[in-house]
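These notes concern the structure reproduced below.
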Amino acid sequence: MPSFSVETPQHCYSAVVERGVIGHLAQYIPSKAGKLFVVSTEDVWRHQGEALERGLAGVAYEVLHLPGGEEHKRLAPVEQVAEEMVRRGGDRSSLVVAFGGGIVGDMAGFLAAIFMRGISVLQVPTTLLAQVDASLGGKTGVNLVTGKNLIGSFHQPLAVLIDPAVLATLPEREYRSGLHEIVKAGIIREPDLFRFLADRTREVLARQPQAVDRIIADAVRMKCEVVSSDERDTDLRRILNFGHTFGHALEAETGYTRFLHGEAVAFGMRAAACLGQLTGRLSADDNGEILEMLRLYGPIPPLDGIPPANLLARLVHDKKTVQGKVHFVLPVRIGEVAVVSGIDEMLVLESIRSALS
Ligand code: GLY
């Protein structure tokens, strides 16, 4: 099974995609590491904890819980876990193992970034979305009421251990939410992956291992390449935000409770594809293919009762908005996107309306 490397100016680490890799977790713990804190949620620990316990057999560690759910991805729980780490003897040599989905990875990663000014973290993602996106590339943080991930830090992990076997028990809705991030990977940079997702939908949705392993490996490779070329999101990495600007607005507008992140991104990709066509960048045929792909891997929850103008207003709070200018990642063709600003607000509103309908 493949291993990909992320190479940033300060850090170089591996993203290992391997069935059963959680069972070998102990070998990724540096010999010099101090106290080991596994940070998870009660739910993840109940369902997946046994696999991790096997992987850490013979190693001393403590398990600390964060609350689950995007609405709890706030600063207060991070502070509480940090207090607990201090009480339990944590110090600057301590190591965090972030064990869970994207929310755990972001929060535990942020905790590691700020605990005693920074300690190491190993990312062990347990949802498809976290495996192909959130755990890779060192973005960590929590939400503010005004917007998603508005407090955070870049904190690259020691390694990312991706075990597709854990997906066997992932709820269907979570699985599809993760698939939307893989669809994103296809649209922005991986046309072969896009074709595979279109041609092999049945195997992918049935979680047939060969199909699952292939799409995960493609998406992880792509993300490692992009992050290696632009860690700080100032250039190429911005393409990974395809669907996220609109998606973040939707999540914030609905209080982070109505849509899973991947579902919000699916909405955002629909809006961005529409905007791509409205601004003359994307052909009607390619737009149709994108919409069909989103339909195949949907559905997302109903979008009723969401005022388009509210989403438009929220776009300016996104952290990709610079000096009031919203930057959109728009598809140009399957496998290529462009970062564009200065788009007429009426066209943006029209694309939001179309995606909501
Ligand atoms: N999820 C977008 C990024 O990692 O840059």
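Numbering starts fresh at 1 for the residues of each chain in the structure tokens, the chains themselves are lettered A, B, ... in the order given, and ligands are numbered from 1 as they appear.
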Contacts of region 234-244 of chain A at 10 Å (only C-alpha atoms; same-chain gap of 3+ positions) as number ranges by chain: A: 133, 137, 180-181, 184-185, 187-189, 222-223, 225-231, 247-251, 261-262, 264-273, 318, 320, 327-331, 336-339
Just list as an MDAnalysis selection string whatever in region 141-355 of chain A DSSP marks as helix (DSSP H, G or I). chainID A and resid 164:169 172:189 191:199 201:205 209:229 236:241 244:253 261:278 284:296 308:315 345:355
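Distances from A:Ile22, A:Val59, A:Leu136, A:Leu75 to ligand 1 were compared using only C-alpha atoms and all ligand atoms, and the smallest one belongs to A:Leu136.
Counting only C-alpha atoms, the residue from A:Leu296, A:Val39, A:Ile103, A:Leu56 that sits nearest to Met85 (chain A) is A:Val39.
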Find the residues around region 190-204 of chain A up to 9 Å (only C-alpha atoms counted), leave out those fewer than 3 positions away in its own chain, and share them as number ranges by chain. A: 179, 182-187, 207-212, 214-215, 218-219, 222, 292-293, 296-297, 334-336
Store the residues picked out above, limited to N, CA, C and O atoms, as a short mmCIF file (atom, residue, chain, number, x, y, z; two decimals), in the first residue's frame.
data_model
loop_
_atom_site.label_atom_id
_atom_site.label_comp_id
_atom_site.auth_asym_id
_atom_site.auth_seq_id
_atom_site.Cartn_x
_atom_site.Cartn_y
_atom_site.Cartn_z
N LEU A 179 -16.93 11.17 0.42
CA LEU A 179 -16.81 10.99 -1.04
C LEU A 179 -16.87 12.33 -1.77
O LEU A 179 -16.25 12.51 -2.81
N ILE A 182 -13.59 13.63 -2.25
CA ILE A 182 -12.85 12.92 -3.31
C ILE A 182 -13.33 13.39 -4.68
O ILE A 182 -12.54 13.55 -5.61
N VAL A 183 -14.63 13.64 -4.79
CA VAL A 183 -15.16 14.24 -6.02
C VAL A 183 -14.45 15.58 -6.27
O VAL A 183 -14.02 15.90 -7.38
N LYS A 184 -14.29 16.35 -5.20
CA LYS A 184 -13.59 17.64 -5.30
C LYS A 184 -12.19 17.43 -5.88
O LYS A 184 -11.77 18.15 -6.80
N ALA A 185 -11.48 16.42 -5.35
CA ALA A 185 -10.12 16.15 -5.83
C ALA A 185 -10.13 15.89 -7.33
O ALA A 185 -9.27 16.36 -8.09
N GLY A 186 -11.15 15.13 -7.79
CA GLY A 186 -11.26 14.82 -9.22
C GLY A 186 -11.48 16.08 -10.04
O GLY A 186 -10.84 16.29 -11.07
N ILE A 187 -12.37 16.93 -9.56
CA ILE A 187 -12.71 18.13 -10.35
C ILE A 187 -11.53 19.10 -10.43
O ILE A 187 -11.25 19.68 -11.47
N ARG A 207 -18.45 0.25 -1.09
CA ARG A 207 -17.18 0.22 -0.32
C ARG A 207 -16.33 -1.00 -0.69
O ARG A 207 -15.71 -1.63 0.17
N GLN A 208 -16.34 -1.35 -1.96
CA GLN A 208 -15.51 -2.46 -2.42
C GLN A 208 -14.05 -2.05 -2.18
O GLN A 208 -13.62 -0.97 -2.63
N PRO A 209 -13.27 -2.87 -1.42
CA PRO A 209 -11.96 -2.41 -0.95
C PRO A 209 -11.02 -1.88 -2.03
O PRO A 209 -10.39 -0.84 -1.84
N GLN A 210 -10.97 -2.57 -3.19
CA GLN A 210 -10.02 -2.09 -4.21
C GLN A 210 -10.39 -0.69 -4.70
O GLN A 210 -9.52 0.17 -4.89
N ALA A 211 -11.69 -0.49 -4.88
CA ALA A 211 -12.14 0.83 -5.36
C ALA A 211 -11.89 1.88 -4.29
O ALA A 211 -11.38 2.98 -4.58
N VAL A 212 -12.22 1.55 -3.05
CA VAL A 212 -12.04 2.52 -1.96
C VAL A 212 -10.56 2.88 -1.81
O VAL A 212 -10.19 4.06 -1.71
N ARG A 214 -8.21 2.74 -3.96
CA ARG A 214 -7.70 3.51 -5.11
C ARG A 214 -8.09 4.98 -4.99
O ARG A 214 -7.28 5.87 -5.20
N ILE A 215 -9.37 5.23 -4.67
CA ILE A 215 -9.79 6.65 -4.66
C ILE A 215 -9.15 7.39 -3.48
O ILE A 215 -8.82 8.56 -3.59
N ASP A 218 -5.51 8.15 -4.53
CA ASP A 218 -5.43 9.25 -5.51
C ASP A 218 -5.64 10.61 -4.84
O ASP A 218 -4.92 11.57 -5.11
N ALA A 219 -6.65 10.66 -3.97
CA ALA A 219 -6.95 11.94 -3.33
C ALA A 219 -5.83 12.35 -2.37
O ALA A 219 -5.46 13.52 -2.29
N MET A 222 -2.78 13.54 -4.36
CA MET A 222 -3.01 14.89 -4.87
C MET A 222 -2.82 15.93 -3.77
O MET A 222 -2.13 16.93 -3.94
N GLU A 292 -24.08 15.98 -12.37
CA GLU A 292 -24.45 14.56 -12.38
C GLU A 292 -23.63 13.78 -11.33
O GLU A 292 -24.15 12.94 -10.61
N MET A 293 -22.35 14.10 -11.27
CA MET A 293 -21.49 13.42 -10.27
C MET A 293 -22.00 13.72 -8.85
O MET A 293 -22.07 12.83 -8.00
N LEU A 296 -24.97 11.63 -8.21
CA LEU A 296 -24.64 10.21 -7.98
C LEU A 296 -24.20 9.95 -6.54
O LEU A 296 -24.52 8.92 -5.96
N TYR A 297 -23.44 10.88 -5.99
CA TYR A 297 -22.90 10.66 -4.64
C TYR A 297 -23.71 11.39 -3.57
O TYR A 297 -23.33 11.40 -2.41
N ILE A 334 -13.07 19.68 -16.29
CA ILE A 334 -12.87 18.61 -15.31
C ILE A 334 -11.36 18.41 -15.13
O ILE A 334 -10.66 18.09 -16.09
N GLY A 335 -10.88 18.65 -13.94
CA GLY A 335 -9.44 18.50 -13.68
C GLY A 335 -8.70 19.82 -13.61
O GLY A 335 -7.48 19.84 -13.42
N GLU A 336 -9.41 20.93 -13.76
CA GLU A 336 -8.73 22.23 -13.69
C GLU A 336 -9.67 23.30 -13.14
O GLU A 336 -10.83 23.39 -13.54
#
Please determine, counting only C-alpha atoms and all ligand atoms, which residue among A:Val21, A:Ala355, A:Ile162, A:Ala130 has the shortest atom-to-atom distance to ligand 1. A:Ala130
